[in-house]
Amino acid sequence: MDSPLEQFRVKVLIPLHVGTVDLSFTNSSLFMMLSALAIFLFLGVGLRKKSLVPGRFQSLVEISYELILGMIRDNVGDAGKQFFPFIFSIFLFVLFGNLLGMIPYAFTFTSQIILTFGLACLVFVAVTIVGFLKHGVRFFKFFLPSGAPLFMAPILIPIELISYLSRPLSLSIRLFANMMAGHTMLKVFALFTVLLGAYGISTVLLNTILIGFEVLVAFLQAYVFSVLSCLYLSDAINMH
Amino acid sequence: MDMEAARMIGAGLAVFPLLGVGLGIGSIFSNLIQSVARNPEARKELFSIGILGFALTEAVALFALLIAFLILFK
């Protein structure tokens, strides 16, 4: 019997080496492409009719659009509207990645730390650059909150700095660990069904409930990733 | 002590912080219920803040789980 962690192994589908760089097409890349394709289909088919009173599928697309637009307006304010494509892309990519992983025998690419770390670093670097572009050198005042007395600066500034630098780390580990732990838990409970043999029928209800919970976690983690990106963006644009 | 046994004990110890996480999540939702009881109009807004708080606290639980996995399977 395989260990429950076997499902996270990245398998090479088409080997491709350019010099010393390994650019092989793996099952992870395949599912990333499928996720992008699914997003195109979702948006394309949903917005095809363009009716003023939306049908069911167009409503879904409009709901996801308004969810992210409302999130940006609430957290960042009107100055953040230009970042809508960025946040919307991140939200849909993570959401479809998580959801595609719920299909049996599919690979959850958001359970790979390198992908979530890449996304989190992208958000972190983008937000820091936006902060520097908007405020110049005064961006460093972020690490010394305005009400604090000056003698506390040697203690406060390193703490604030470390907490700022740990943002991409926590953002990436949150998504990665949720996905990995969720799928490992599903695998372990499914293992009980197999091990019980004929009496495994008693575990079917529990497994179904857990799968439903995992779908909820998929939506939740995509939402939380986007909300935190909006909050970090708002820290860079406002709050100075 | 045998390495495998030490691994098992380490992984078991690594999940103790989940006590704090359980308390934290319960606290968030208990406050959410109380606030909604005081002001049912604000339900939607409070709920999204509650979900954000829940996800942030859950992240700490998963940091602990991550350590447990690293100990068990490295």
# chains A, B, ... in the order shown; residues from 1 in each chain; ligands from 1
$ interface_residues --of "chain A" --to "chain B" --cutoff "9 Å" --atoms "only C-alpha atoms" --output "NGL selection string"
:A and (170-171 or 173-175 or 177-178 or 181 or 220-221 or 223-224 or 227-228)
$ closest_atom_pairs --of "stretch 63-137 of chain A" --to "stretch 187-205 of chain A" --cutoff "12 Å" --atoms "only C-alpha atoms" --output "JSON lines"
{"residue": "A:Met102", "atom": "CA", "partner": "A:Lys187", "partner_atom": "CA", "distance": 11.7}
{"residue": "A:Pro104", "atom": "CA", "partner": "A:Lys187", "partner_atom": "CA", "distance": 11.0}
{"residue": "A:Tyr105", "atom": "CA", "partner": "A:Lys187", "partner_atom": "CA", "distance": 11.4}
$ write_last_selection --atoms "N, CA and C atoms" --output "CSV table (one decimal), in the first residue's frame"
chain,number,residue,atom,x,y,z
A,102,MET,N,-9.7,18.3,-6.8
A,102,MET,CA,-10.7,17.4,-6.1
A,102,MET,C,-11.2,16.3,-7.0
A,104,PRO,N,-11.0,12.9,-8.9
A,104,PRO,CA,-10.3,11.7,-8.6
A,104,PRO,C,-9.1,11.5,-9.6
A,105,TYR,N,-8.0,11.1,-9.1
A,105,TYR,CA,-6.8,10.8,-9.8
A,105,TYR,C,-6.2,12.1,-10.4
$ residues_around --residues "A:Ser64" --least-positions-apart "4" --cutoff "12 Å" --atoms "only C-alpha atoms" --output "PyMOL selection string"
chain A and resi 39+42-43+46+57-60+68-71+87-89+91-92+95+219+222-223
$ write_last_selection --atoms "N, CA and C atoms" --output "PDB file, in the first residue's frame"
ATOM      1  N   ILE A  39     -10.256  28.184 -16.797  1.00  0.00           N
ATOM      2  CA  ILE A  39     -10.596  29.579 -16.535  1.00  0.00           C
ATOM      3  C   ILE A  39     -11.070  30.258 -17.809  1.00  0.00           C
ATOM      4  N   PHE A  42     -14.529  29.010 -18.526  1.00  0.00           N
ATOM      5  CA  PHE A  42     -15.469  29.567 -17.560  1.00  0.00           C
ATOM      6  C   PHE A  42     -15.853  30.985 -17.949  1.00  0.00           C
ATOM      7  N   LEU A  43     -14.846  31.822 -18.198  1.00  0.00           N
ATOM      8  CA  LEU A  43     -15.125  33.215 -18.524  1.00  0.00           C
ATOM      9  C   LEU A  43     -15.701  33.354 -19.931  1.00  0.00           C
ATOM     10  N   GLY A  46     -19.258  31.735 -20.144  1.00  0.00           N
ATOM     11  CA  GLY A  46     -20.160  32.456 -19.265  1.00  0.00           C
ATOM     12  C   GLY A  46     -20.550  33.807 -19.812  1.00  0.00           C
ATOM     13  N   PHE A  57     -25.255  30.694 -15.773  1.00  0.00           N
ATOM     14  CA  PHE A  57     -23.813  30.605 -15.890  1.00  0.00           C
ATOM     15  C   PHE A  57     -23.179  31.979 -15.892  1.00  0.00           C
ATOM     16  N   GLN A  58     -23.863  32.923 -16.593  1.00  0.00           N
ATOM     17  CA  GLN A  58     -23.322  34.279 -16.604  1.00  0.00           C
ATOM     18  C   GLN A  58     -23.366  34.867 -15.197  1.00  0.00           C
ATOM     19  N   SER A  59     -24.384  34.476 -14.399  1.00  0.00           N
ATOM     20  CA  SER A  59     -24.442  34.941 -13.014  1.00  0.00           C
ATOM     21  C   SER A  59     -23.233  34.500 -12.233  1.00  0.00           C
ATOM     22  N   LEU A  60     -22.804  33.247 -12.454  1.00  0.00           N
ATOM     23  CA  LEU A  60     -21.633  32.750 -11.740  1.00  0.00           C
ATOM     24  C   LEU A  60     -20.415  33.622 -12.026  1.00  0.00           C
ATOM     25  N   ILE A  68     -14.561  39.834  -6.170  1.00  0.00           N
ATOM     26  CA  ILE A  68     -13.195  40.358  -6.111  1.00  0.00           C
ATOM     27  C   ILE A  68     -13.211  41.877  -6.185  1.00  0.00           C
ATOM     28  N   LEU A  69     -14.120  42.452  -7.025  1.00  0.00           N
ATOM     29  CA  LEU A  69     -14.165  43.915  -7.122  1.00  0.00           C
ATOM     30  C   LEU A  69     -14.564  44.515  -5.788  1.00  0.00           C
ATOM     31  N   GLY A  70     -15.577  43.895  -5.128  1.00  0.00           N
ATOM     32  CA  GLY A  70     -16.002  44.373  -3.811  1.00  0.00           C
ATOM     33  C   GLY A  70     -14.899  44.239  -2.787  1.00  0.00           C
ATOM     34  N   MET A  71     -14.153  43.111  -2.866  1.00  0.00           N
ATOM     35  CA  MET A  71     -13.052  42.885  -1.935  1.00  0.00           C
ATOM     36  C   MET A  71     -11.995  43.977  -2.095  1.00  0.00           C
ATOM     37  N   ILE A  87      -5.379  40.673  -8.970  1.00  0.00           N
ATOM     38  CA  ILE A  87      -6.007  39.913  -7.891  1.00  0.00           C
ATOM     39  C   ILE A  87      -6.983  38.886  -8.454  1.00  0.00           C
ATOM     40  N   PHE A  88      -7.704  39.264  -9.524  1.00  0.00           N
ATOM     41  CA  PHE A  88      -8.680  38.357 -10.107  1.00  0.00           C
ATOM     42  C   PHE A  88      -7.994  37.131 -10.690  1.00  0.00           C
ATOM     43  N   SER A  89      -6.836  37.360 -11.370  1.00  0.00           N
ATOM     44  CA  SER A  89      -6.102  36.229 -11.941  1.00  0.00           C
ATOM     45  C   SER A  89      -5.602  35.301 -10.847  1.00  0.00           C
ATOM     46  N   PHE A  91      -6.827  34.921  -7.852  1.00  0.00           N
ATOM     47  CA  PHE A  91      -7.953  34.236  -7.236  1.00  0.00           C
ATOM     48  C   PHE A  91      -8.417  33.074  -8.097  1.00  0.00           C
ATOM     49  N   LEU A  92      -8.620  33.312  -9.408  1.00  0.00           N
ATOM     50  CA  LEU A  92      -9.146  32.254 -10.262  1.00  0.00           C
ATOM     51  C   LEU A  92      -8.141  31.124 -10.430  1.00  0.00           C
ATOM     52  N   LEU A  95      -8.171  29.171  -7.209  1.00  0.00           N
ATOM     53  CA  LEU A  95      -9.449  28.484  -7.049  1.00  0.00           C
ATOM     54  C   LEU A  95      -9.558  27.289  -7.968  1.00  0.00           C
ATOM     55  N   PHE A 219     -12.405  26.677  -1.850  1.00  0.00           N
ATOM     56  CA  PHE A 219     -12.907  28.031  -2.063  1.00  0.00           C
ATOM     57  C   PHE A 219     -12.324  28.991  -1.036  1.00  0.00           C
ATOM     58  N   ALA A 222      -8.646  29.977  -1.586  1.00  0.00           N
ATOM     59  CA  ALA A 222      -8.485  30.919  -2.701  1.00  0.00           C
ATOM     60  C   ALA A 222      -8.923  32.308  -2.247  1.00  0.00           C
ATOM     61  N   TYR A 223     -10.065  32.377  -1.533  1.00  0.00           N
ATOM     62  CA  TYR A 223     -10.571  33.666  -1.048  1.00  0.00           C
ATOM     63  C   TYR A 223      -9.586  34.310  -0.090  1.00  0.00           C
TER      64      TYR A 223
END
$ residues_around --residues "B:Leu46" --least-positions-apart "6" --cutoff "10 Å" --atoms "only C-alpha atoms" --output "PyMOL selection string"
chain B and resi 31-33+35-36+39-40+52
$ select_by_dssp --residues "stretch 73-138 of chain A" --states "alpha helix (DSSP H)" --output "number ranges by chain"
A: 73-75, 84-100, 113-135
$ closest_residue --among "A:Gly182, A:Pro54, A:Gly44, A:Gly97" --to "A:Phe109" --atoms "only C-alpha atoms"
A:Gly97
$ residues_around --residues "stretch 15-30 of chain A" --least-positions-apart "6" --cutoff "9 Å" --atoms "only C-alpha atoms" --output "list in words"
Ala106, Phe107, Thr108, Phe109 and Gln112 of chain A
$ atom_distance --atom1 "atom CA of A:Asp235" --atom2 "atom CA of A:Val130"
10.3 Å
$ select_by_dssp --residues "stretch 5-231 of chain A" --states "strand (DSSP E)" --output "list in words"
Val12, Leu13, Ile14, His17, Val18, Val21, Asp22, Phe25 and Thr26 of chain A
$ write_last_selection --atoms "N, CA and C atoms" --output "mmCIF file, in the first residue's frame"
data_model
loop_
_atom_site.group_PDB
_atom_site.id
_atom_site.type_symbol
_atom_site.label_atom_id
_atom_site.label_comp_id
_atom_site.auth_asym_id
_atom_site.auth_seq_id
_atom_site.Cartn_x
_atom_site.Cartn_y
_atom_site.Cartn_z
ATOM 1 N N VAL A 12 7.238 13.104 -14.445
ATOM 2 C CA VAL A 12 7.596 13.725 -15.711
ATOM 3 C C VAL A 12 6.815 13.041 -16.830
ATOM 4 N N LEU A 13 6.082 13.838 -17.622
ATOM 5 C CA LEU A 13 5.323 13.259 -18.734
ATOM 6 C C LEU A 13 6.117 13.315 -20.034
ATOM 7 N N ILE A 14 6.718 14.496 -20.295
ATOM 8 C CA ILE A 14 7.523 14.642 -21.519
ATOM 9 C C ILE A 14 8.866 15.224 -21.109
ATOM 10 N N HIS A 17 15.139 18.714 -21.842
ATOM 11 C CA HIS A 17 16.277 19.363 -21.197
ATOM 12 C C HIS A 17 16.883 20.383 -22.132
ATOM 13 N N VAL A 18 17.016 21.641 -21.658
ATOM 14 C CA VAL A 18 17.686 22.673 -22.442
ATOM 15 C C VAL A 18 19.008 22.959 -21.752
ATOM 16 N N VAL A 21 19.267 22.936 -17.847
ATOM 17 C CA VAL A 21 17.991 23.276 -17.220
ATOM 18 C C VAL A 21 16.961 22.218 -17.563
ATOM 19 N N ASP A 22 16.253 21.762 -16.523
ATOM 20 C CA ASP A 22 15.249 20.723 -16.721
ATOM 21 C C ASP A 22 13.893 21.393 -16.929
ATOM 22 N N PHE A 25 7.968 18.570 -19.097
ATOM 23 C CA PHE A 25 6.534 18.767 -18.919
ATOM 24 C C PHE A 25 6.053 17.709 -17.939
ATOM 25 N N THR A 26 5.602 18.165 -16.766
ATOM 26 C CA THR A 26 5.225 17.224 -15.724
ATOM 27 C C THR A 26 3.720 17.202 -15.563
#
$ residues_around --residues "stretch 139-144 of chain A" --least-positions-apart "2" --cutoff "6 Å" --atoms "only C-alpha atoms" --output "list in words"
Phe132, His135, Gly136, Val137, Ile157 and Glu160 of chain A
